[in-house]
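With PDB, C-alpha atoms and all ligand atoms inside, this is protein28.pdb:
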ATOM      1  CA  MET A 784      13.425 -24.248 -19.375  1.00  0.00           C
ATOM      2  CA  LEU A 785      16.566 -22.535 -18.101  1.00  0.00           C
ATOM      3  CA  ILE A 786      15.696 -19.352 -16.218  1.00  0.00           C
ATOM      4  CA  LYS A 787      18.599 -16.938 -15.718  1.00  0.00           C
ATOM      5  CA  PHE A 788      18.289 -13.870 -13.526  1.00  0.00           C
ATOM      6  CA  THR A 789      19.950 -11.953 -10.709  1.00  0.00           C
ATOM      7  CA  LEU A 790      18.874 -13.114  -7.279  1.00  0.00           C
ATOM      8  CA  ASN A 791      19.985 -11.229  -4.195  1.00  0.00           C
ATOM      9  CA  TYR A 792      22.754  -9.529  -6.203  1.00  0.00           C
ATOM     10  CA  LYS A 793      24.166 -12.778  -7.650  1.00  0.00           C
ATOM     11  CA  PRO A 794      23.532 -14.385 -11.051  1.00  0.00           C
ATOM     12  CA  VAL A 795      21.565 -17.630 -10.932  1.00  0.00           C
ATOM     13  CA  SER A 796      20.372 -20.057 -13.570  1.00  0.00           C
ATOM     14  CA  VAL A 797      17.841 -22.693 -12.710  1.00  0.00           C
ATOM     15  CA  GLU A 798      16.094 -25.378 -14.729  1.00  0.00           C
ATOM     16  CA  ALA A 799      12.358 -25.277 -14.014  1.00  0.00           C
ATOM     17  CA  PRO A 800       8.997 -25.754 -15.744  1.00  0.00           C
ATOM     18  CA  ALA A 801       7.789 -22.719 -17.681  1.00  0.00           C
ATOM     19  CA  ASP A 802       4.352 -22.741 -16.070  1.00  0.00           C
ATOM     20  CA  ILE A 803       5.283 -22.101 -12.437  1.00  0.00           C
ATOM     21  CA  THR A 804       5.231 -18.888 -10.416  1.00  0.00           C
ATOM     22  CA  LEU A 805       8.213 -16.952  -9.142  1.00  0.00           C
ATOM     23  CA  LEU A 806       7.108 -17.989  -5.648  1.00  0.00           C
ATOM     24  CA  ALA A 807       7.406 -21.675  -6.571  1.00  0.00           C
ATOM     25  CA  LEU A 808      10.706 -21.052  -8.330  1.00  0.00           C
ATOM     26  CA  LEU A 809      12.148 -19.436  -5.205  1.00  0.00           C
ATOM     27  CA  ARG A 810      10.814 -21.911  -2.687  1.00  0.00           C
ATOM     28  CA  ASP A 811      10.779 -25.226  -4.547  1.00  0.00           C
ATOM     29  CA  TYR A 812      13.642 -24.898  -7.016  1.00  0.00           C
ATOM     30  CA  LEU A 813      16.016 -22.491  -5.248  1.00  0.00           C
ATOM     31  CA  LYS A 814      15.125 -23.579  -1.691  1.00  0.00           C
ATOM     32  CA  LEU A 815      14.713 -19.985  -0.499  1.00  0.00           C
ATOM     33  CA  THR A 816      11.823 -20.499   1.880  1.00  0.00           C
ATOM     34  CA  GLY A 817      11.937 -17.089   3.548  1.00  0.00           C
ATOM     35  CA  THR A 818       9.394 -15.909   0.990  1.00  0.00           C
ATOM     36  CA  LYS A 819       6.148 -17.273   2.388  1.00  0.00           C
ATOM     37  CA  GLU A 820       3.325 -19.019   0.586  1.00  0.00           C
ATOM     38  CA  ALA A 821      -0.149 -18.221   1.877  1.00  0.00           C
ATOM     39  CA  CYS A 822      -3.157 -17.088  -0.184  1.00  0.00           C
ATOM     40  CA  GLU A 823      -1.483 -17.649  -3.593  1.00  0.00           C
ATOM     41  CA  VAL A 824      -3.937 -15.196  -5.178  1.00  0.00           C
ATOM     42  CA  GLY A 825      -2.271 -11.840  -4.551  1.00  0.00           C
ATOM     43  CA  GLU A 826      -4.227 -10.864  -1.456  1.00  0.00           C
ATOM     44  CA  CYS A 827      -1.884 -11.251   1.521  1.00  0.00           C
ATOM     45  CA  GLY A 828       1.620 -10.061   0.612  1.00  0.00           C
ATOM     46  CA  ALA A 829       3.334 -12.962   2.405  1.00  0.00           C
ATOM     47  CA  CYS A 830       5.129 -13.772  -0.855  1.00  0.00           C
ATOM     48  CA  SER A 831       6.421 -10.203  -1.442  1.00  0.00           C
ATOM     49  CA  VAL A 832       9.726  -9.751  -3.234  1.00  0.00           C
ATOM     50  CA  ILE A 833      11.367  -6.795  -4.964  1.00  0.00           C
ATOM     51  CA  LEU A 834      11.506  -7.163  -8.749  1.00  0.00           C
ATOM     52  CA  ASP A 835      13.585  -4.516 -10.554  1.00  0.00           C
ATOM     53  CA  GLY A 836      13.031  -2.206  -7.579  1.00  0.00           C
ATOM     54  CA  GLU A 837       9.265  -2.723  -7.391  1.00  0.00           C
ATOM     55  CA  LEU A 838       7.334  -4.548  -4.697  1.00  0.00           C
ATOM     56  CA  VAL A 839       5.493  -7.521  -6.231  1.00  0.00           C
ATOM     57  CA  ASN A 840       3.563 -10.554  -5.064  1.00  0.00           C
ATOM     58  CA  SER A 841       5.696 -13.431  -6.308  1.00  0.00           C
ATOM     59  CA  CYS A 842       2.622 -15.708  -6.401  1.00  0.00           C
ATOM     60  CA  LEU A 843       1.324 -13.586  -9.287  1.00  0.00           C
ATOM     61  CA  VAL A 844       4.579 -13.428 -11.277  1.00  0.00           C
ATOM     62  CA  ALA A 845       5.294 -16.074 -13.913  1.00  0.00           C
ATOM     63  CA  ALA A 846       8.735 -17.520 -13.266  1.00  0.00           C
ATOM     64  CA  PRO A 847       9.996 -17.107 -16.872  1.00  0.00           C
ATOM     65  CA  SER A 848       9.157 -13.400 -16.762  1.00  0.00           C
ATOM     66  CA  VAL A 849      12.083 -12.723 -14.401  1.00  0.00           C
ATOM     67  CA  MET A 850      14.597 -13.733 -17.066  1.00  0.00           C
ATOM     68  CA  GLY A 851      17.409 -11.153 -17.079  1.00  0.00           C
ATOM     69  CA  ARG A 852      15.869  -9.177 -14.207  1.00  0.00           C
ATOM     70  CA  GLN A 853      16.806  -8.454 -10.587  1.00  0.00           C
ATOM     71  CA  VAL A 854      14.976 -10.149  -7.726  1.00  0.00           C
ATOM     72  CA  ILE A 855      15.547  -9.432  -4.039  1.00  0.00           C
ATOM     73  CA  THR A 856      14.051 -11.748  -1.444  1.00  0.00           C
ATOM     74  CA  ILE A 857      14.175 -11.608   2.331  1.00  0.00           C
ATOM     75  CA  GLU A 858      17.381 -13.688   2.182  1.00  0.00           C
ATOM     76  CA  GLY A 859      18.993 -10.701   0.436  1.00  0.00           C
ATOM     77  CA  ILE A 860      18.131  -8.298   3.252  1.00  0.00           C
ATOM     78  CA  HIS A 861      20.774  -8.339   5.985  1.00  0.00           C
ATOM     79  CA  ASP A 862      23.603  -6.389   7.535  1.00  0.00           C
ATOM     80  CA  GLU A 863      27.153  -6.526   6.196  1.00  0.00           C
ATOM     81  CA  ASP A 864      28.004  -9.258   8.694  1.00  0.00           C
ATOM     82  CA  GLY A 865      25.037 -11.366   7.574  1.00  0.00           C
ATOM     83  CA  GLY A 866      22.939 -10.601  10.672  1.00  0.00           C
ATOM     84  CA  PRO A 867      19.670  -8.656  10.780  1.00  0.00           C
ATOM     85  CA  ASN A 868      19.829  -5.181   9.275  1.00  0.00           C
ATOM     86  CA  ASP A 869      18.546  -2.021  10.961  1.00  0.00           C
ATOM     87  CA  LEU A 870      14.960  -2.525   9.753  1.00  0.00           C
ATOM     88  CA  GLN A 871      14.910  -6.126  10.926  1.00  0.00           C
ATOM     89  CA  ARG A 872      16.388  -5.118  14.306  1.00  0.00           C
ATOM     90  CA  ASN A 873      13.684  -2.474  14.638  1.00  0.00           C
ATOM     91  CA  PHE A 874      10.981  -5.041  13.908  1.00  0.00           C
ATOM     92  CA  ILE A 875      12.356  -7.042  16.822  1.00  0.00           C
ATOM     93  CA  SER A 876      12.835  -4.151  19.235  1.00  0.00           C
ATOM     94  CA  HIS A 877       9.386  -2.661  18.498  1.00  0.00           C
ATOM     95  CA  GLY A 878       7.562  -5.960  19.076  1.00  0.00           C
ATOM     96  CA  ALA A 879       6.502  -6.082  15.422  1.00  0.00           C
ATOM     97  CA  VAL A 880       7.081  -9.824  15.116  1.00  0.00           C
ATOM     98  CA  GLN A 881       4.658 -12.318  16.576  1.00  0.00           C
ATOM     99  CA  CYS A 882       3.987 -15.495  14.600  1.00  0.00           C
ATOM    100  CA  GLY A 883       6.319 -14.093  11.952  1.00  0.00           C
ATOM    101  CA  TYR A 884       4.459 -15.454   8.971  1.00  0.00           C
ATOM    102  CA  CYS A 885       3.866 -12.056   7.395  1.00  0.00           C
ATOM    103  CA  ILE A 886       7.188 -10.596   8.485  1.00  0.00           C
ATOM    104  CA  PRO A 887       9.424 -11.393   5.491  1.00  0.00           C
ATOM    105  CA  GLY A 888       6.854  -9.695   3.270  1.00  0.00           C
ATOM    106  CA  MET A 889       6.530  -6.774   5.657  1.00  0.00           C
ATOM    107  CA  VAL A 890      10.306  -6.257   5.745  1.00  0.00           C
ATOM    108  CA  ILE A 891      10.447  -6.460   1.947  1.00  0.00           C
ATOM    109  CA  ALA A 892       7.589  -3.941   1.677  1.00  0.00           C
ATOM    110  CA  GLY A 893       9.387  -1.670   4.152  1.00  0.00           C
ATOM    111  CA  GLU A 894      12.649  -1.827   2.222  1.00  0.00           C
ATOM    112  CA  ALA A 895      10.829  -1.222  -1.078  1.00  0.00           C
ATOM    113  CA  LEU A 896       9.214   1.869   0.436  1.00  0.00           C
ATOM    114  CA  LEU A 897      12.427   3.245   1.980  1.00  0.00           C
ATOM    115  CA  SER A 898      14.304   2.780  -1.294  1.00  0.00           C
ATOM    116  CA  LYS A 899      11.878   5.174  -2.977  1.00  0.00           C
ATOM    117  CA  ASN A 900      10.884   7.430  -0.076  1.00  0.00           C
ATOM    118  CA  ALA A 901      13.625   7.852   2.509  1.00  0.00           C
ATOM    119  CA  LYS A 902      11.417   9.747   4.980  1.00  0.00           C
ATOM    120  CA  PRO A 903       7.837   8.508   4.661  1.00  0.00           C
ATOM    121  CA  ASP A 904       5.199   9.763   7.072  1.00  0.00           C
ATOM    122  CA  ARG A 905       3.017   7.244   8.924  1.00  0.00           C
ATOM    123  CA  GLU A 906       0.238   7.498   6.371  1.00  0.00           C
ATOM    124  CA  GLU A 907       2.668   6.759   3.554  1.00  0.00           C
ATOM    125  CA  ILE A 908       3.973   3.756   5.502  1.00  0.00           C
ATOM    126  CA  ARG A 909       0.415   2.483   6.000  1.00  0.00           C
ATOM    127  CA  VAL A 910      -0.325   2.862   2.291  1.00  0.00           C
ATOM    128  CA  ALA A 911       2.910   1.026   1.414  1.00  0.00           C
ATOM    129  CA  LEU A 912       1.837  -1.872   3.646  1.00  0.00           C
ATOM    130  CA  ALA A 913      -1.723  -1.968   2.305  1.00  0.00           C
ATOM    131  CA  GLY A 914      -1.081  -5.188   0.380  1.00  0.00           C
ATOM    132  CA  ASN A 915       0.484  -6.999   3.330  1.00  0.00           C
ATOM    133  CA  LEU A 916      -1.801  -8.658   5.854  1.00  0.00           C
ATOM    134  CA  CYS A 917      -0.834  -9.381   9.456  1.00  0.00           C
ATOM    135  CA  ARG A 918      -3.162 -11.300  11.751  1.00  0.00           C
ATOM    136  CA  CYS A 919      -1.081 -10.766  14.877  1.00  0.00           C
ATOM    137  CA  THR A 920       0.449  -7.380  15.561  1.00  0.00           C
ATOM    138  CA  GLY A 921      -2.266  -4.881  14.748  1.00  0.00           C
ATOM    139  CA  TYR A 922       0.159  -3.089  12.394  1.00  0.00           C
ATOM    140  CA  MET A 923       1.102  -0.249  14.743  1.00  0.00           C
ATOM    141  CA  GLN A 924       4.385  -1.855  15.797  1.00  0.00           C
ATOM    142  CA  ILE A 925       5.222  -2.595  12.165  1.00  0.00           C
ATOM    143  CA  VAL A 926       4.632   1.037  11.205  1.00  0.00           C
ATOM    144  CA  ASP A 927       6.689   2.077  14.255  1.00  0.00           C
ATOM    145  CA  ALA A 928       9.593  -0.135  13.160  1.00  0.00           C
ATOM    146  CA  ILE A 929       9.657   1.261   9.628  1.00  0.00           C
ATOM    147  CA  GLU A 930       9.344   4.843  10.876  1.00  0.00           C
ATOM    148  CA  ALA A 931      12.182   4.332  13.373  1.00  0.00           C
ATOM    149  CA  THR A 932      14.399   2.901  10.620  1.00  0.00           C
ATOM    150  CA  ALA A 933      13.677   5.869   8.345  1.00  0.00           C
ATOM    151  CA  ASN A 934      14.612   8.238  11.191  1.00  0.00           C
ATOM    152  CA  GLU A 935      17.835   6.353  11.975  1.00  0.00           C
ATOM    153  CA  ARG A 936      18.887   6.247   8.331  1.00  0.00           C
ATOM    154  CA  ALA A 937      18.142   9.979   7.986  1.00  0.00           C
ATOM    155  CA  LYS A 938      20.360  10.716  11.000  1.00  0.00           C
ATOM    156  CA  LYS A 939      23.183   8.651   9.506  1.00  0.00           C
ATOM    157  CA  ARG A 940      22.939  10.537   6.233  1.00  0.00           C
ATOM    158  CA  ASN A 941      23.272  13.923   8.016  1.00  0.00           C
TER     159      ASN A 941
HETATM  160  S1  LIG A1001       0.775 -15.719  -1.237  1.00  0.00           S
HETATM  161 FE1  LIG A1001       1.077 -14.156  -2.704  1.00  0.00          FE
HETATM  162  S2  LIG A1001      -0.183 -12.511  -2.077  1.00  0.00           S
HETATM  163 FE2  LIG A1001      -0.662 -14.154  -0.689  1.00  0.00          FE
HETATM  164  S1  LIG A1002       3.191 -11.536  12.902  1.00  0.00           S
HETATM  165 FE1  LIG A1002       1.687 -13.120  12.633  1.00  0.00          FE
HETATM  166  S2  LIG A1002       0.752 -12.655  10.712  1.00  0.00           S
HETATM  167 FE2  LIG A1002       2.034 -10.976  11.130  1.00  0.00          FE
END

Could you quickly redo this structure as structure tokens?
Amino acid sequence: MLIKFTLNYKPVSVEAPADITLLALLRDYLKLTGTKEACEVGECGACSVILDGELVNSCLVAAPSVMGRQVITIEGIHDEDGGPNDLQRNFISHGAVQCGYCIPGMVIAGEALLSKNAKPDREEIRVALAGNLCRCTGYMQIVDAIEATANERAKKRN
């Protein structure tokens, strides 16, 4: 079937089987491999994307269900010049990236949170990351990176 939707702010149409997941559509048919495939049962958050403004596990979303909707993947998160944005730079500078496998999902979860809550406290950040597993960093640096980004964005707004 032909699946038409908005991906990273641009319209796309892709021919794909009706019985695949959004994760497979992104990785196998659109070659966007930044969204990671891990548990495939909704438990790890490695496959996180933003669907119509909401954080979702793309391994649990049927590909045809995104018809006419807006999807943002990690490839859609960057600065104006195409380099890392402030959140991604903070992940780097706070030592929040080790193996990196969880990181696209963590960045997506961070952006989803900051789009709804511009100044989350640390508990709110932890809750927002509850569906995203990291085996490497111990989470503190990830929370630090998101908190630092919220503070920087707040300063810019003032
Ligand atoms: S791969 Fe989707 S939640 Fe783990
Ligand atoms: S940095 Fe390795 S799983 Fe998170």

Note to self: Could you check the closest approach to ligand LIG 1002 (chain A) for each of A:His877, A:Lys793, A:Arg918, A:Lys938 and tell me which residue wins, using only C-alpha atoms and all ligand atoms?
What the structure shows: A:Arg918

Next item on the list: Name each residue within 9 Å of ligand LIG 1001 (chain A), counting only C-alpha atoms and all ligand atoms, as a list of chain:residue names.
Entry: A:Leu806, A:Thr818, A:Lys819, A:Glu820, A:Ala821, A:Cys822, A:Glu823, A:Val824, A:Gly825, A:Glu826, A:Cys827, A:Gly828, A:Ala829, A:Cys830, A:Ser831, A:Val839, A:Asn840, A:Ser841, A:Cys842, A:Leu843, A:Gly914, A:Asn915, A:Leu916

Margin query: As a quick test: using all atoms listed in the file, which residues lie no more than 8 Å away from ligand LIG 1002 (chain A)? Give them as an MDAnalysis selection string.
Written below: chainID A and resid 879:886 916:920

Residues returned when the PyMOL selection byres (((chain A and resi 893-907) around 12) and not hetatm) runs on this file, as a compact mmCIF listing (two decimals) with C-alpha atoms, in the frame of the given file:
# COMPACT_ATOMS: atom_id res chain seq x y z
CA GLY A 828 1.62 -10.06 0.61
CA SER A 831 6.42 -10.20 -1.44
CA VAL A 832 9.73 -9.75 -3.23
CA ILE A 833 11.37 -6.80 -4.96
CA LEU A 834 11.51 -7.16 -8.75
CA ASP A 835 13.58 -4.52 -10.55
CA GLY A 836 13.03 -2.21 -7.58
CA GLU A 837 9.26 -2.72 -7.39
CA LEU A 838 7.33 -4.55 -4.70
CA VAL A 839 5.49 -7.52 -6.23
CA VAL A 854 14.98 -10.15 -7.73
CA ILE A 855 15.55 -9.43 -4.04
CA THR A 856 14.05 -11.75 -1.44
CA ILE A 857 14.18 -11.61 2.33
CA GLY A 859 18.99 -10.70 0.44
CA ILE A 860 18.13 -8.30 3.25
CA HIS A 861 20.77 -8.34 5.98
CA ASN A 868 19.83 -5.18 9.28
CA ASP A 869 18.55 -2.02 10.96
CA LEU A 870 14.96 -2.52 9.75
CA GLN A 871 14.91 -6.13 10.93
CA ASN A 873 13.68 -2.47 14.64
CA PHE A 874 10.98 -5.04 13.91
CA ILE A 886 7.19 -10.60 8.48
CA PRO A 887 9.42 -11.39 5.49
CA GLY A 888 6.85 -9.70 3.27
CA MET A 889 6.53 -6.77 5.66
CA VAL A 890 10.31 -6.26 5.74
CA ILE A 891 10.45 -6.46 1.95
CA ALA A 892 7.59 -3.94 1.68
CA ILE A 908 3.97 3.76 5.50
CA ARG A 909 0.42 2.48 6.00
CA VAL A 910 -0.32 2.86 2.29
CA ALA A 911 2.91 1.03 1.41
CA LEU A 912 1.84 -1.87 3.65
CA ALA A 913 -1.72 -1.97 2.31
CA GLY A 914 -1.08 -5.19 0.38
CA ASN A 915 0.48 -7.00 3.33
CA TYR A 922 0.16 -3.09 12.39
CA MET A 923 1.10 -0.25 14.74
CA GLN A 924 4.38 -1.86 15.80
CA ILE A 925 5.22 -2.60 12.16
CA VAL A 926 4.63 1.04 11.20
CA ASP A 927 6.69 2.08 14.26
CA ALA A 928 9.59 -0.14 13.16
CA ILE A 929 9.66 1.26 9.63
CA GLU A 930 9.34 4.84 10.88
CA ALA A 931 12.18 4.33 13.37
CA THR A 932 14.40 2.90 10.62
CA ALA A 933 13.68 5.87 8.35
CA ASN A 934 14.61 8.24 11.19
CA GLU A 935 17.84 6.35 11.98
CA ARG A 936 18.89 6.25 8.33
CA ALA A 937 18.14 9.98 7.99
CA LYS A 938 20.36 10.72 11.00
CA LYS A 939 23.18 8.65 9.51
CA ARG A 940 22.94 10.54 6.23

Next item on the list: Step by step: start from the point (13.2, -26.6, -8.4) in the file's coordinates, keep every protein, DNA or RNA residue that has an atom no farther than 9 Å from it, count all atoms listed in the file, and write the set as a list in words.
Entry: Val797, Glu798, Ala799, Pro800, Ala807, Leu808, Leu809, Arg810, Asp811, Tyr812, Leu813 and Lys814 of chain A

Given 4 Å of margin on each side, can you work out the centre and size in Å (one decimal) of an axis-aligned box holding every listed atom of region 877-891 of chain A, as JSON?
{"center_x": 7.2, "center_y": -9.1, "center_z": 10.5, "size_x": 14.6, "size_y": 20.8, "size_z": 25.1}

Check: What is the distance, in Å and to one decimal place, between CA of Gln853 (chain A) and CA of Asp802 (chain A)?
Finding: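 According to the coordinates, CA of Gln853 (chain A) and CA of Asp802 (chain A) are separated by 19.7 Å.
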
Note to self: Using Å and a single decimal, report how far CA of Ile803 (chain A) sits from CA of Ser848 (chain A).
What the structure shows: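 Result for CA of Ser848 (chain A) versus CA of Ile803 (chain A): 10.5 Å, one decimal.
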
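Counting from CA of Ile875 (chain A), the distance to CA of Leu805 (chain A) is 28.1 Å.
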
Notebook entry, point to check: Which of these residues is nearest to Tyr792 (chain A), using all atoms listed in the file: A:Gly921, A:Gly878, A:Gly865, A:Glu858?
Noted result: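 Using all atoms listed in the file, the shortest distance to Tyr792 (chain A) belongs to A:Glu858.
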